[in-house]
Amino acid sequence: MASHFALPAAMIPADVRDAGRAALLDTLGCMVAGVRSSECRAIIQRHLDRGGKPESTIVSAATRVPAAGAATANAALAHWFEWDDLHDEAVVHPSAVIWPVLLAAAEASGADRPDSGTEVLAAAVIAYDIASRVGSAITPKSHTGWYATGYSSAIGATAGAARVLGMSPTTALSAMGLAATAAGFSRQPLLDRVNGKNALCAQVASTVFTALELAQAGVLGAHNFLAGEYGLNELLAHGSADIHSEFAKLGHRFAISEVSVKPYPCCRATHQAIDLALQLRATDPDVAQKIAHMHIRVPRPIFEMVGAPFEPGENPRVSAQFSIPYTTAVALTRGRPTLSDFDAANVSADPNVLALARKIHVEPFALPPGERLYDAPTELSCETKAGGMVHSNTDVVIGSPQYPLSVQDREQKFLDCTRDLLPSHTVNKLIAAVNAIEHDGLEPILTSLRGVRIAER
């Protein structure tokens, strides 16, 4: 891991750098979209009111704040609408933690340096690698109640930020150990259907900066944070994770090229059912009115996350984003789910969607040994009111490395994220700034982010 931490930027393949720029742009879009949230605007305002050393940019704010605050607020924005990417094998959201942390750290240490963009891109490659390898080793062996992003992305983002800040490998390892010690995050907010789930990445980013500051002050973190007697392998995976095999992939497989980009602003576990529903609708645009009953079979871990009968509850947006019955009903009735489908006021507004959601029943099956969670087959069977039967299934996850979004689809997602928040000329400038990050550095990107204008709702 120490040698990978020092990986020269020039040694990173061109296609991996391309993937890094694409991941950055996708995350920036998600961060801009998050400004629509009143909760996120309140988080931004609290950091602005608190003040402090003007180090780093929060999206939509002209005034800079301390780096830790900027990273925390931007991580909340990035993950708020469940539109950020996922490393399917590790079951980790890397970008919503890594990019807010790296941008804040880089700006605080000198975003106007000519090499700032090149170094941030290299640090991101390292951060994604470490986060995904930790997650790929531990997540399959741990209790599903642990939020893998909490420990995996915390460790990876800490490594990347330590490089940006110029820490030695030894100090960086201390920082990673400190982050790992504090990175036990529970998925209970998801089960409770509260928006605390969407703020988890903000809490992770805050943990990262605390670890970095402690390490910079000379506090020593445990170097055996993964394999020690009380390391994460033992605590989370009962010592059964094959960490050495995963870390042997460093420098040979680049995880930033392995992330799945979400086409829909809802939990990844709903996407295969959405895709099957969209296929039915493409065949018969009126299919929603013809359905008597629908059954969808998914792996048990997915059922536990998103398979319950739909109830809007006290947090309709979160309930809808984590519901196969709701998202499938939206796809059948309206087509491709959009952000507006998850506005709290809209979730309960369409009686046709709610009635159809009640006809959709999700059933679990045991995930075969060795089968990955997000590309296990999803099966749909539908009985029509006329008595006909329709069956379909898929093991394709659109947006995954195996079935990537087209360039046009990724551009459209970015436009959807930034619509009404950035004028078209600023959108074009931001896209150009990301593409030129290794030549022009970070400042053009940060300048565009300060130009986001909040649309009151």
# chains A, B, ... in the order shown; residues from 1 in each chain; ligands from 1
>>> residues_around(residues="Gly135 in chain A", least_positions_apart="2", cutoff="8 Å", atoms="only C-alpha atoms", output="list in words")
Glu89, Ala90, Val91, Val92, Ala131, Ser132, Arg133, Ala137, Ile138, Thr139, Ala148, Thr149 and Ser152 of chain A
>>> write_last_selection(atoms="N, CA and C atoms", output="CSV table (one decimal), in the first residue's frame")
chain,number,residue,atom,x,y,z
A,89,GLU,N,-18.8,-4.2,-6.5
A,89,GLU,CA,-18.2,-5.4,-5.8
A,89,GLU,C,-18.0,-5.0,-4.4
A,90,ALA,N,-17.5,-3.8,-4.1
A,90,ALA,CA,-17.2,-3.4,-2.7
A,90,ALA,C,-18.4,-2.9,-2.0
A,91,VAL,N,-19.5,-2.7,-2.7
A,91,VAL,CA,-20.7,-2.1,-2.2
A,91,VAL,C,-20.4,-0.8,-1.5
A,92,VAL,N,-19.6,0.1,-2.1
A,92,VAL,CA,-19.1,1.3,-1.5
A,92,VAL,C,-19.4,2.5,-2.5
A,131,ALA,N,-10.0,2.4,-1.2
A,131,ALA,CA,-11.4,2.2,-0.7
A,131,ALA,C,-12.0,0.9,-1.3
A,132,SER,N,-11.9,0.7,-2.6
A,132,SER,CA,-12.5,-0.5,-3.2
A,132,SER,C,-11.9,-1.8,-2.7
A,133,ARG,N,-10.6,-1.8,-2.5
A,133,ARG,CA,-10.0,-3.1,-2.1
A,133,ARG,C,-10.3,-3.4,-0.7
A,137,ALA,N,-12.8,-6.7,0.1
A,137,ALA,CA,-12.3,-7.8,1.0
A,137,ALA,C,-13.3,-8.0,2.1
A,138,ILE,N,-13.7,-6.9,2.8
A,138,ILE,CA,-14.5,-7.0,4.0
A,138,ILE,C,-16.0,-7.1,3.8
A,139,THR,N,-16.5,-6.3,2.9
A,139,THR,CA,-18.0,-6.3,2.8
A,139,THR,C,-18.7,-7.6,2.6
A,148,ALA,N,-20.6,0.1,4.5
A,148,ALA,CA,-19.2,-0.1,4.0
A,148,ALA,C,-18.5,1.2,3.5
A,149,THR,N,-19.3,2.1,3.0
A,149,THR,CA,-18.7,3.4,2.6
A,149,THR,C,-18.0,4.0,3.8
A,152,SER,N,-14.5,2.0,4.3
A,152,SER,CA,-13.7,1.9,3.0
A,152,SER,C,-13.4,3.2,2.4
>>> residues_around(residues="Ile256 in chain A", least_positions_apart="6", cutoff="8 Å", atoms="only C-alpha atoms", output="ChimeraX atom specification")
/A:16,19-20,23,124-125,128-129
>>> residues_around(residues="Thr171 in chain A", least_positions_apart="3", cutoff="12 Å", atoms="only C-alpha atoms", output="VMD selection string")
chain A and resid 2 5 158 to 159 161 to 163 165 to 168 174 to 178 211 to 223
>>> closest_residue(among="A:Pro54, A:Gly160, A:Gly34, A:Pro316", to="Ala108 in chain A", atoms="only C-alpha atoms")
A:Pro54
>>> select_by_dssp(residues="range 324-420 of chain A", states="strand (DSSP E or B)", output="PyMOL selection string")
chain A and resi 360-365+378-384+389-394
>>> closest_residue(among="A:Ala241, A:Thr210, A:Ile454, A:Pro404", to="Arg419 in chain A", atoms="only C-alpha atoms")
A:Ile454
>>> atom_distance(atom1="CA of Arg36 in chain A", atom2="CA of Val97 in chain A")
19.3 Å
>>> select_by_dssp(residues="range 353-455 of chain A", states="helix (DSSP H, G or I)", output="PyMOL selection string")
chain A and resi 353-358+373-375+407-418+424-435+437-440+443-450
>>> atom_distance(atom1="CA of Ala376 in chain A", atom2="CA of Asp395 in chain A")
5.5 Å
>>> closest_residue(among="A:Leu7, A:Leu48, A:Ile98, A:Cys201", to="Glu82 in chain A", atoms="only C-alpha atoms")
A:Cys201
>>> residues_around(residues="Ala273 in chain A", least_positions_apart="4", cutoff="8 Å", atoms="only C-alpha atoms", output="count of residues only")
6
>>> decode(residues="range 193-214 of chain A", atoms="C-alpha atoms", output="PDB file, in the first residue's frame")
ATOM      1  CA  ARG A 193     -36.211   5.493   6.262  1.00  0.00           C
ATOM      2  CA  VAL A 194     -34.764   8.755   7.553  1.00  0.00           C
ATOM      3  CA  ASN A 195     -32.611  11.187   5.633  1.00  0.00           C
ATOM      4  CA  GLY A 196     -29.755  10.564   8.031  1.00  0.00           C
ATOM      5  CA  LYS A 197     -28.821   7.913   5.472  1.00  0.00           C
ATOM      6  CA  ASN A 198     -28.158  10.648   2.906  1.00  0.00           C
ATOM      7  CA  ALA A 199     -25.935  12.500   5.367  1.00  0.00           C
ATOM      8  CA  LEU A 200     -23.677   9.527   6.109  1.00  0.00           C
ATOM      9  CA  CYS A 201     -21.099  10.564   3.513  1.00  0.00           C
ATOM     10  CA  ALA A 202     -20.914  13.973   5.178  1.00  0.00           C
ATOM     11  CA  GLN A 203     -20.163  12.271   8.487  1.00  0.00           C
ATOM     12  CA  VAL A 204     -17.486  10.161   6.793  1.00  0.00           C
ATOM     13  CA  ALA A 205     -15.858  13.256   5.272  1.00  0.00           C
ATOM     14  CA  SER A 206     -15.816  14.915   8.681  1.00  0.00           C
ATOM     15  CA  THR A 207     -14.147  11.828  10.137  1.00  0.00           C
ATOM     16  CA  VAL A 208     -11.493  11.962   7.425  1.00  0.00           C
ATOM     17  CA  PHE A 209     -10.537  15.552   8.202  1.00  0.00           C
ATOM     18  CA  THR A 210     -10.402  14.881  11.928  1.00  0.00           C
ATOM     19  CA  ALA A 211      -8.001  12.012  11.242  1.00  0.00           C
ATOM     20  CA  LEU A 212      -5.873  14.169   8.938  1.00  0.00           C
ATOM     21  CA  GLU A 213      -5.626  16.986  11.474  1.00  0.00           C
ATOM     22  CA  LEU A 214      -4.713  14.617  14.300  1.00  0.00           C
TER      23      LEU A 214
END
